[in-house]
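Peer 1: What follows is structure-v2.cif; its format and atoms are mmCIF, C-alpha atoms.
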```cif
data_input
#
loop_
_atom_site.label_atom_id
_atom_site.label_comp_id
_atom_site.auth_asym_id
_atom_site.auth_seq_id
_atom_site.Cartn_x
_atom_site.Cartn_y
_atom_site.Cartn_z
CA MET A 1 12.08 40.97 39.96
CA ASN A 2 10.80 42.71 36.82
CA ILE A 3 12.08 40.54 33.95
CA ASP A 4 11.41 43.17 31.28
CA LYS A 5 13.49 45.77 33.11
CA LYS A 6 16.24 43.26 33.88
CA ILE A 7 16.54 42.29 30.19
CA ALA A 8 16.63 45.93 29.06
CA ASP A 9 19.16 46.78 31.81
CA ASP A 10 21.44 43.96 30.66
CA LEU A 11 21.16 45.07 27.03
CA VAL A 12 22.22 48.60 27.98
CA ALA A 13 24.99 47.35 30.30
CA ASN A 14 26.40 45.36 27.38
CA ASP A 15 26.35 48.44 25.15
CA ILE A 16 23.55 47.15 22.92
CA ARG A 17 22.12 50.27 21.34
CA PHE A 18 20.13 48.95 18.34
CA VAL A 19 17.20 46.62 18.88
CA THR A 20 14.72 45.39 16.32
CA THR A 21 11.54 43.59 17.26
CA VAL A 22 8.73 41.57 15.74
CA PRO A 23 5.74 41.56 18.06
CA CYS A 24 4.72 38.74 20.39
CA LYS A 25 2.24 38.66 23.25
CA GLN A 26 4.82 37.21 25.65
CA LEU A 27 7.40 39.80 24.66
CA ALA A 28 5.06 42.82 24.77
CA GLY A 29 6.48 44.02 28.08
CA VAL A 30 10.12 43.83 27.06
CA ILE A 31 9.36 45.45 23.68
CA GLU A 32 7.64 48.32 25.54
CA GLU A 33 10.63 48.61 27.88
CA VAL A 34 13.08 48.74 24.96
CA GLU A 35 10.93 51.38 23.24
CA GLN A 36 11.03 53.59 26.33
CA ARG A 37 14.79 53.47 26.89
CA ASP A 38 16.54 56.59 25.60
CA ASP A 39 19.83 54.77 25.15
CA ILE A 40 18.39 52.08 22.84
CA PHE A 41 17.30 52.78 19.28
CA HIS A 42 14.24 50.62 18.69
CA ILE A 43 13.14 49.85 15.15
CA PRO A 44 10.24 47.46 14.56
CA SER A 45 10.67 45.03 11.62
CA ASN A 46 7.98 43.64 9.39
CA LYS A 47 9.68 40.27 9.14
CA GLU A 48 12.52 38.67 11.04
CA ASP A 49 14.93 38.29 8.12
CA GLU A 50 14.52 42.00 7.42
CA GLY A 51 15.34 42.61 11.10
CA MET A 52 18.51 40.54 10.83
CA GLY A 53 19.57 42.65 7.85
CA LEU A 54 19.06 45.81 9.93
CA CYS A 55 21.12 44.29 12.75
CA ALA A 56 23.93 43.31 10.37
CA GLY A 57 24.11 46.87 9.06
CA ALA A 58 23.96 48.42 12.51
CA TRP A 59 26.80 46.22 13.72
CA MET A 60 28.99 47.13 10.75
CA GLY A 61 28.17 50.75 11.54
CA GLY A 62 29.52 50.39 15.06
CA LYS A 63 26.38 49.70 17.10
CA ARG A 64 25.79 46.45 18.93
CA PRO A 65 22.44 44.97 17.88
CA ALA A 66 19.87 42.51 19.19
CA ILE A 67 16.69 41.02 17.75
CA ILE A 68 13.54 40.12 19.69
CA MET A 69 11.19 37.68 17.95
CA GLN A 70 9.17 34.45 18.20
CA ASN A 71 10.55 30.97 17.64
CA THR A 72 8.43 30.66 14.47
CA ALA A 73 11.00 33.08 13.05
CA ILE A 74 13.61 30.32 13.01
CA GLY A 75 11.61 28.84 10.13
CA VAL A 76 11.75 32.21 8.35
CA THR A 77 15.39 33.08 8.91
CA ILE A 78 17.48 29.95 8.33
CA ASN A 79 18.90 31.26 5.05
CA THR A 80 19.68 34.66 6.59
CA LEU A 81 21.35 33.08 9.62
CA ALA A 82 23.51 30.83 7.42
CA THR A 83 24.42 33.18 4.54
CA LEU A 84 24.56 36.55 6.31
CA ILE A 85 25.02 36.36 10.07
CA GLN A 86 27.17 33.20 10.18
CA TYR A 87 28.88 33.52 6.79
CA TYR A 88 30.18 37.04 7.53
CA ARG A 89 30.69 36.08 11.18
CA MET A 90 28.51 38.61 12.95
CA PRO A 91 27.28 38.65 16.55
CA LEU A 92 23.51 38.59 17.06
CA PRO A 93 21.73 37.95 20.34
CA MET A 94 18.26 36.58 19.53
CA ILE A 95 15.78 36.95 22.38
CA ILE A 96 13.11 34.49 21.37
CA SER A 97 9.65 33.88 22.69
CA TYR A 98 9.48 30.07 22.82
CA ARG A 99 5.85 29.56 21.91
CA GLY A 100 4.37 26.08 21.97
CA GLU A 101 6.10 25.00 25.19
CA LEU A 102 4.65 24.24 28.65
CA ARG A 103 1.61 26.45 29.52
CA GLU A 104 0.99 27.27 25.84
CA PRO A 105 -2.74 27.60 25.10
CA VAL A 106 -2.56 27.58 21.25
CA ALA A 107 -2.02 24.11 19.78
CA CYS A 108 -0.62 25.27 16.44
CA GLN A 109 2.32 26.91 18.23
CA VAL A 110 3.53 23.46 19.26
CA GLU A 111 4.10 22.56 15.61
CA MET A 112 7.10 24.91 15.35
CA ALA A 113 8.14 24.41 18.98
CA VAL A 114 8.98 20.77 18.30
CA HIS A 115 11.38 21.82 15.52
CA THR A 116 12.94 24.85 17.20
CA LYS A 117 15.82 23.30 19.14
CA ALA A 118 16.56 20.78 16.36
CA LEU A 119 16.86 23.58 13.79
CA LEU A 120 19.08 25.67 16.06
CA ALA A 121 21.24 22.61 16.76
CA GLN A 122 21.48 21.85 13.03
CA LEU A 123 22.77 25.42 12.53
CA ASN A 124 25.28 25.06 15.39
CA ILE A 125 23.72 28.08 17.08
CA PRO A 126 24.46 28.26 20.83
CA THR A 127 21.06 27.96 22.49
CA TYR A 128 19.86 28.75 26.02
CA HIS A 129 16.39 27.98 27.36
CA PHE A 130 14.90 30.18 30.11
CA HIS A 131 12.16 28.24 31.92
CA TRP A 132 12.33 29.67 35.46
CA GLN A 133 12.46 33.35 36.25
CA ARG A 134 15.84 32.96 37.90
CA ASP A 135 17.26 31.77 34.55
CA VAL A 136 17.36 35.43 33.50
CA GLU A 137 20.41 35.81 35.75
CA GLU A 138 22.39 34.13 32.95
CA PHE A 139 21.35 36.77 30.37
CA ASP A 140 24.26 39.12 31.01
CA ASN A 141 26.77 36.31 30.55
CA ILE A 142 25.06 35.18 27.34
CA LEU A 143 25.33 38.67 25.85
CA LYS A 144 29.02 38.85 26.71
CA TYR A 145 29.53 35.41 25.18
CA THR A 146 27.73 36.46 21.96
CA PHE A 147 29.99 39.46 21.36
CA MET A 148 33.06 37.48 22.37
CA CYS A 149 32.52 34.82 19.69
CA ASN A 150 30.71 36.86 16.95
CA LYS A 151 27.95 34.32 16.48
CA PRO A 152 24.18 34.35 16.50
CA VAL A 153 23.03 33.07 19.90
CA ALA A 154 19.47 32.00 20.76
CA ILE A 155 17.80 32.68 24.11
CA LEU A 156 14.52 30.75 24.17
CA THR A 157 12.08 32.11 26.76
CA ASP A 158 9.00 29.99 27.38
CA ALA A 159 5.57 30.78 28.84
CA ASN A 160 6.55 29.52 32.28
CA PHE A 161 9.45 31.98 32.34
CA TRP A 162 7.07 34.83 31.52
CA GLY A 163 4.52 33.71 34.13
CA GLY A 164 1.99 32.01 31.85
CA TYR A 165 -0.86 33.54 29.91
CA GLY A 166 -3.11 34.64 32.75
CA ASP A 167 -6.73 33.82 32.06
CA GLN A 168 -6.23 32.53 28.51
CA MET B 1 21.73 50.84 -20.95
CA ILE B 2 22.10 47.69 -18.88
CA ARG B 3 23.07 47.69 -15.19
CA SER B 4 26.80 47.13 -15.76
CA GLU B 5 26.94 50.18 -18.04
CA ILE B 6 25.25 52.27 -15.35
CA LEU B 7 27.72 50.98 -12.73
CA LYS B 8 30.66 51.91 -14.99
CA ASP B 9 29.11 55.34 -15.43
CA ILE B 10 28.68 56.03 -11.72
CA ALA B 11 31.81 54.24 -10.44
CA PRO B 12 33.65 57.57 -9.87
CA ILE B 13 30.74 58.77 -7.71
CA LEU B 14 30.50 55.54 -5.75
CA ARG B 15 34.25 55.28 -5.12
CA ASP B 16 34.37 57.42 -1.99
CA GLN B 17 31.00 56.36 -0.59
CA LEU B 18 29.84 53.48 1.59
CA VAL B 19 28.06 51.10 -0.78
CA VAL B 20 25.98 48.06 0.10
CA CYS B 21 25.58 46.03 -3.08
CA ASN B 22 22.94 43.47 -3.92
CA ILE B 23 23.56 39.73 -4.23
CA GLY B 24 24.63 38.02 -7.43
CA ILE B 25 25.67 39.65 -10.67
CA PRO B 26 25.30 43.28 -9.40
CA SER B 27 28.02 42.64 -6.78
CA GLN B 28 30.15 40.76 -9.31
CA GLU B 29 29.88 43.68 -11.72
CA LEU B 30 30.71 46.32 -9.12
CA HIS B 31 33.59 44.22 -7.82
CA ALA B 32 35.05 43.82 -11.32
CA ILE B 33 34.48 47.46 -12.34
CA ASP B 34 35.90 49.15 -9.24
CA ASP B 35 36.59 47.08 -6.12
CA GLN B 36 36.82 49.31 -3.04
CA PRO B 37 37.05 48.61 0.70
CA THR B 38 34.00 50.86 1.01
CA ASN B 39 31.94 48.29 -0.91
CA PHE B 40 30.01 45.63 1.01
CA TYR B 41 29.24 42.79 -1.37
CA MET B 42 26.36 40.51 -0.57
CA LEU B 43 27.23 36.92 -1.44
CA GLY B 44 23.91 35.46 -0.29
CA THR B 45 20.62 36.40 1.35
CA MET B 46 18.55 37.83 -1.51
CA GLY B 47 16.49 40.87 -0.59
CA LEU B 48 18.33 42.27 2.42
CA ALA B 49 20.61 44.90 0.83
CA SER B 50 18.15 47.71 1.61
CA SER B 51 17.81 46.52 5.22
CA ILE B 52 21.57 46.17 5.79
CA GLY B 53 22.08 49.64 4.33
CA LEU B 54 19.34 51.08 6.53
CA GLY B 55 20.86 49.61 9.69
CA LEU B 56 24.23 51.01 8.65
CA ALA B 57 22.84 54.48 7.91
CA LEU B 58 21.05 54.56 11.27
CA ALA B 59 24.17 53.52 13.17
CA GLN B 60 26.64 56.07 11.82
CA PRO B 61 26.60 59.44 10.03
CA LYS B 62 28.33 58.79 6.66
CA PRO B 63 26.13 58.57 3.56
CA VAL B 64 25.14 55.03 2.60
CA ILE B 65 24.24 54.06 -0.96
CA VAL B 66 22.40 50.78 -1.43
CA ILE B 67 22.51 49.28 -4.92
CA ASP B 68 19.45 47.08 -5.06
CA GLY B 69 17.32 45.47 -7.74
CA ASP B 70 13.64 45.28 -8.53
CA GLY B 71 13.55 41.52 -7.93
CA SER B 72 15.30 41.84 -4.58
CA VAL B 73 13.04 44.63 -3.36
CA LEU B 74 10.02 42.57 -4.39
CA THR B 75 11.31 39.69 -2.25
CA ASN B 76 11.56 41.94 0.83
CA LEU B 77 8.68 44.39 0.34
CA GLY B 78 8.37 44.88 4.10
CA THR B 79 11.53 46.96 3.81
CA LEU B 80 9.70 49.89 2.19
CA PRO B 81 7.51 50.83 5.20
CA THR B 82 10.52 50.42 7.50
CA ILE B 83 12.50 52.79 5.25
CA GLY B 84 9.53 55.15 4.90
CA ASN B 85 9.17 55.50 8.64
CA ASN B 86 12.81 55.40 9.77
CA ALA B 87 15.29 56.30 7.03
CA PRO B 88 17.77 58.95 8.14
CA SER B 89 19.04 61.72 5.85
CA ASN B 90 22.22 59.77 4.94
CA TYR B 91 20.31 56.89 3.30
CA ILE B 92 20.05 56.43 -0.46
CA LEU B 93 18.32 53.37 -1.88
CA MET B 94 19.07 53.05 -5.59
CA ILE B 95 16.91 50.35 -7.14
CA ILE B 96 18.17 49.31 -10.55
CA ASP B 97 14.84 48.37 -12.10
CA ASN B 98 15.44 46.34 -15.23
CA GLY B 99 12.21 44.37 -14.90
CA SER B 100 14.00 41.06 -14.59
CA TYR B 101 15.73 38.63 -12.27
CA GLY B 102 19.14 39.10 -13.88
CA SER B 103 21.23 36.70 -11.81
CA THR B 104 18.96 33.74 -12.51
CA GLY B 105 18.52 34.09 -16.25
CA ASP B 106 16.53 37.28 -16.81
CA GLN B 107 13.12 35.91 -15.93
CA PRO B 108 10.65 38.84 -15.90
CA THR B 109 9.64 40.49 -12.63
CA TYR B 110 6.28 42.16 -12.07
CA THR B 111 7.85 45.64 -12.28
CA GLY B 112 8.15 45.05 -16.03
CA MET B 113 4.40 44.49 -16.05
CA LYS B 114 1.83 46.37 -13.96
CA THR B 115 3.76 46.92 -10.72
CA ASP B 116 5.20 50.37 -10.01
CA LEU B 117 7.99 50.39 -7.41
CA SER B 118 8.05 54.21 -7.14
CA GLY B 119 4.36 54.23 -6.31
CA MET B 120 4.83 51.44 -3.79
CA ALA B 121 7.69 53.30 -2.10
CA ARG B 122 5.61 56.48 -1.89
CA ALA B 123 2.63 54.60 -0.51
CA ALA B 124 4.93 53.02 2.08
CA GLY B 125 5.84 56.45 3.42
CA CYS B 126 9.05 57.26 1.53
CA ASP B 127 8.83 61.03 1.01
CA ASN B 128 11.57 61.52 -1.55
CA VAL B 129 11.20 59.04 -4.41
CA VAL B 130 12.69 59.81 -7.82
CA GLU B 131 12.29 57.83 -11.00
CA VAL B 132 15.34 58.10 -13.20
CA GLN B 133 16.23 56.96 -16.71
CA ASP B 134 19.48 54.97 -16.98
CA VAL B 135 21.48 57.75 -18.70
CA ASP B 136 20.62 60.22 -15.92
CA THR B 137 21.68 57.98 -13.01
CA GLY B 138 24.98 59.74 -12.23
CA GLU B 139 23.42 63.19 -12.09
CA ALA B 140 20.50 61.97 -9.94
CA LEU B 141 22.81 60.09 -7.58
CA GLN B 142 25.09 63.10 -7.12
CA LYS B 143 22.03 65.22 -6.40
CA ALA B 144 20.81 62.68 -3.85
CA ILE B 145 24.20 62.64 -2.07
CA GLU B 146 24.27 66.43 -1.91
CA GLY B 147 20.57 66.69 -1.11
CA GLY B 148 20.91 65.53 2.48
CA VAL B 149 17.53 63.82 2.61
CA ALA B 150 16.68 60.14 2.51
CA THR B 151 16.13 59.20 -1.12
CA VAL B 152 14.73 56.25 -3.01
CA MET B 153 15.85 56.19 -6.65
CA VAL B 154 14.16 53.87 -9.11
CA VAL B 155 16.46 53.61 -12.11
CA LYS B 156 14.74 52.31 -15.22
CA CYS B 157 17.08 50.43 -17.55
CA ASP B 158 17.33 47.47 -19.91
CA SER B 159 17.57 43.88 -18.81
CA GLY B 160 20.96 42.17 -19.23
CA ASN B 161 24.17 41.21 -17.50
CA ALA B 162 27.88 41.65 -18.15
CA LYS B 163 29.97 38.49 -17.85
CA MET B 164 32.05 38.99 -14.71
CA PRO B 165 33.92 36.54 -12.47
CA VAL B 166 32.40 35.25 -9.23
CA ILE B 167 33.72 37.06 -6.13
CA SER B 168 36.22 34.76 -4.46
CA MET B 169 37.07 37.07 -1.55
CA ASP B 170 36.27 35.56 1.83
CA PRO B 171 33.11 37.06 3.37
CA VAL B 172 34.86 37.84 6.65
CA VAL B 173 37.54 39.74 4.70
CA ILE B 174 34.85 41.71 2.83
CA ARG B 175 33.12 42.51 6.11
CA ASP B 176 36.29 43.33 8.03
CA ARG B 177 37.75 45.73 5.48
CA PHE B 178 34.31 47.33 5.08
CA MET B 179 34.00 47.91 8.83
CA LYS B 180 37.47 49.47 8.88
CA ALA B 181 36.43 51.77 6.01
CA VAL B 182 33.24 52.70 7.87
CA ALA B 183 35.20 53.57 11.01
CA ASP B 184 37.99 55.37 9.12
#
```
Let me see the file written as structure tokens.
Peer 2:
Amino acid sequence: MNIDKKIADDLVANDIRFVTTVPCKQLAGVIEEVEQRDDIFHIPSNKEDEGMGLCAGAWMGGKRPAIIMQNTAIGVTINTLATLIQYYRMPLPMIISYRGELREPVACQVEMAVHTKALLAQLNIPTYHFHWQRDVEEFDNILKYTFMCNKPVAILTDANFWGGYGDQ
Amino acid sequence: MIRSEILKDIAPILRDQLVVCNIGIPSQELHAIDDQPTNFYMLGTMGLASSIGLGLALAQPKPVIVIDGDGSVLTNLGTLPTIGNNAPSNYILMIIDNGSYGSTGDQPTYTGMKTDLSGMARAAGCDNVVEVQDVDTGEALQKAIEGGVATVMVVKCDSGNAKMPVISMDPVVIRDRFMKAVAD
């Protein structure tokens, strides 16, 4: 199974037409896949809160959005999640590279990893953790759930899910 | 002129347009001067008006006018390259540049000192940047609407706020009526 293609296929199948991304090594393949799809408008953001603003506007304009980012972004976007996405009750699937988990080679990434789930729980954000490749089978259901309840929803995808870092 | 006087001046132009309005006193002033379902008031999240407006302009064809401030643009400077590289023809970013953080007590921003927002927008890739004096805002805005190209307006005016009530409308109501106006 090609995870990148599966994620992009599920986005399109759920009518998600506006995707913003902040780069990540683990997510490079899915970002490339999103960029190549004709039926998805891909707009890179310079920072994750900016990206959430773009998504909020796109949704109010009639296009279903999604954001692809690293878990360090949770530290950047708490105010935006609380006072924009949640306060105005907007749906936002967040496909998150869960750096600092098993098979992570960079120690500093662990420092935000240990806070990630606690912060999401504090914000009452529904959170799913993909650790095995087969976990991606849940992605379609998670997207449907997100647009059913109009909430931000976090999908944490760790290094094991992506197949590790190769020779790093 | 101060911002509220400019908003009173251009209210007839804004009335029929989709407007995304900056957090704090700018939204309170616009709400008090001429509340419309086509206005999206930001109640929190300083800095994101230009980004919300850009997402909206990219998602649908109606013109979108963002009323932003110098302080808010400075807090989200990454927005300028994103606008410069992606803004569609229906996007107008109007930065009311009064050189101060009005909603928090008129502390000075750097645009009242050495920093030039027009120059920053141009350097970020925004092709159509106009610097406007407060009294000329209406004419410049009308021209931007009719121009059919993405425009960044930097409106130079005096620092100061009108005393207006806090917006008590529920955010979901603001958002819902705005979305209906967008789709109408």
Peer 1: Expand the PyMOL selection byres ((chain B) within 8 of (chain A)) into the individual residues it matches in the shown file, reporting them as a PDB file with C-alpha atoms, keeping the file's coordinate frame.
Peer 2:
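File result_8.pdb, as written:
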```pdb
ATOM      1  CA  LEU B  43      27.230  36.920  -1.440  1.00  0.00           C
ATOM      2  CA  GLY B  44      23.910  35.460  -0.290  1.00  0.00           C
ATOM      3  CA  THR B  45      20.620  36.400   1.350  1.00  0.00           C
ATOM      4  CA  LEU B  48      18.330  42.270   2.420  1.00  0.00           C
ATOM      5  CA  ALA B  49      20.610  44.900   0.830  1.00  0.00           C
ATOM      6  CA  SER B  51      17.810  46.520   5.220  1.00  0.00           C
ATOM      7  CA  ILE B  52      21.570  46.170   5.790  1.00  0.00           C
ATOM      8  CA  GLY B  53      22.080  49.640   4.330  1.00  0.00           C
ATOM      9  CA  LEU B  54      19.340  51.080   6.530  1.00  0.00           C
ATOM     10  CA  GLY B  55      20.860  49.610   9.690  1.00  0.00           C
ATOM     11  CA  LEU B  56      24.230  51.010   8.650  1.00  0.00           C
ATOM     12  CA  ALA B  57      22.840  54.480   7.910  1.00  0.00           C
ATOM     13  CA  LEU B  58      21.050  54.560  11.270  1.00  0.00           C
ATOM     14  CA  ALA B  59      24.170  53.520  13.170  1.00  0.00           C
ATOM     15  CA  GLN B  60      26.640  56.070  11.820  1.00  0.00           C
ATOM     16  CA  ASN B  76      11.560  41.940   0.830  1.00  0.00           C
ATOM     17  CA  GLY B  78       8.370  44.880   4.100  1.00  0.00           C
ATOM     18  CA  THR B  79      11.530  46.960   3.810  1.00  0.00           C
ATOM     19  CA  THR B  82      10.520  50.420   7.500  1.00  0.00           C
ATOM     20  CA  ASN B  86      12.810  55.400   9.770  1.00  0.00           C
ATOM     21  CA  PRO B 171      33.110  37.060   3.370  1.00  0.00           C
ATOM     22  CA  VAL B 172      34.860  37.840   6.650  1.00  0.00           C
ATOM     23  CA  ARG B 175      33.120  42.510   6.110  1.00  0.00           C
ATOM     24  CA  PHE B 178      34.310  47.330   5.080  1.00  0.00           C
ATOM     25  CA  MET B 179      34.000  47.910   8.830  1.00  0.00           C
ATOM     26  CA  VAL B 182      33.240  52.700   7.870  1.00  0.00           C
ATOM     27  CA  ALA B 183      35.200  53.570  11.010  1.00  0.00           C
TER      28      ALA B 183
END
```
Peer 1: Could you list the residues chosen by the PyMOL selection byres ((chain B and resi 35) around 12) in this structure as an NGL selection string?
Peer 2: :B and (7-8 or 11-12 or 14-16 or 19 or 21 or 27-34 or 36-41 or 167 or 169 or 174 or 177-178)
Peer 1: Can you list what the PyMOL selection byres ((chain A and resi 108-123) around 10) grabs from this structure, as number ranges by chain?
Peer 2: A: 71-75, 78, 81-82, 86, 98-102, 104-107, 124-129, 152-154, 156
Peer 1: Residues near B:Tyr91, anyone? I mean within 9 Å using all atoms listed in the file, not counting same-chain ones fewer than 2 positions away, as a list in words.
Peer 2: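 Final neighbour list, sorted by chain and number: Gly53, Leu54, Leu56, Ala57, Leu58, Lys62, Pro63, Val64, Ile65, Val66, Ala87, Pro88, Ser89, Leu93, Ile145, Gly148, Val149, Ala150, Thr151 and Val152 of chain B.
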Peer 1: As JSON, numbers by chain, please: the residues near B:Val135 (cut-off 10 Å, all atoms listed in the file, same-chain neighbours under 5 positions excluded).
Peer 2: {"B": [1, 5, 6, 9, 140, 155, 156, 157]}
Peer 1: Mind giving me the straight-line distance from atom CA of A:Arg37 to atom CA of A:Gln70 in Å, one decimal?
Peer 2: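 Taking atom CA of A:Arg37 as the start and atom CA of A:Gln70 as the end point, the length is 21.7 Å.
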Peer 1: Could you name the residues that touch A:Lys6 at 10 Å or less, counting all atoms listed in the file, but leaving out those on the same chain fewer than 3 positions away, as a count of residues only?
Peer 2: 13
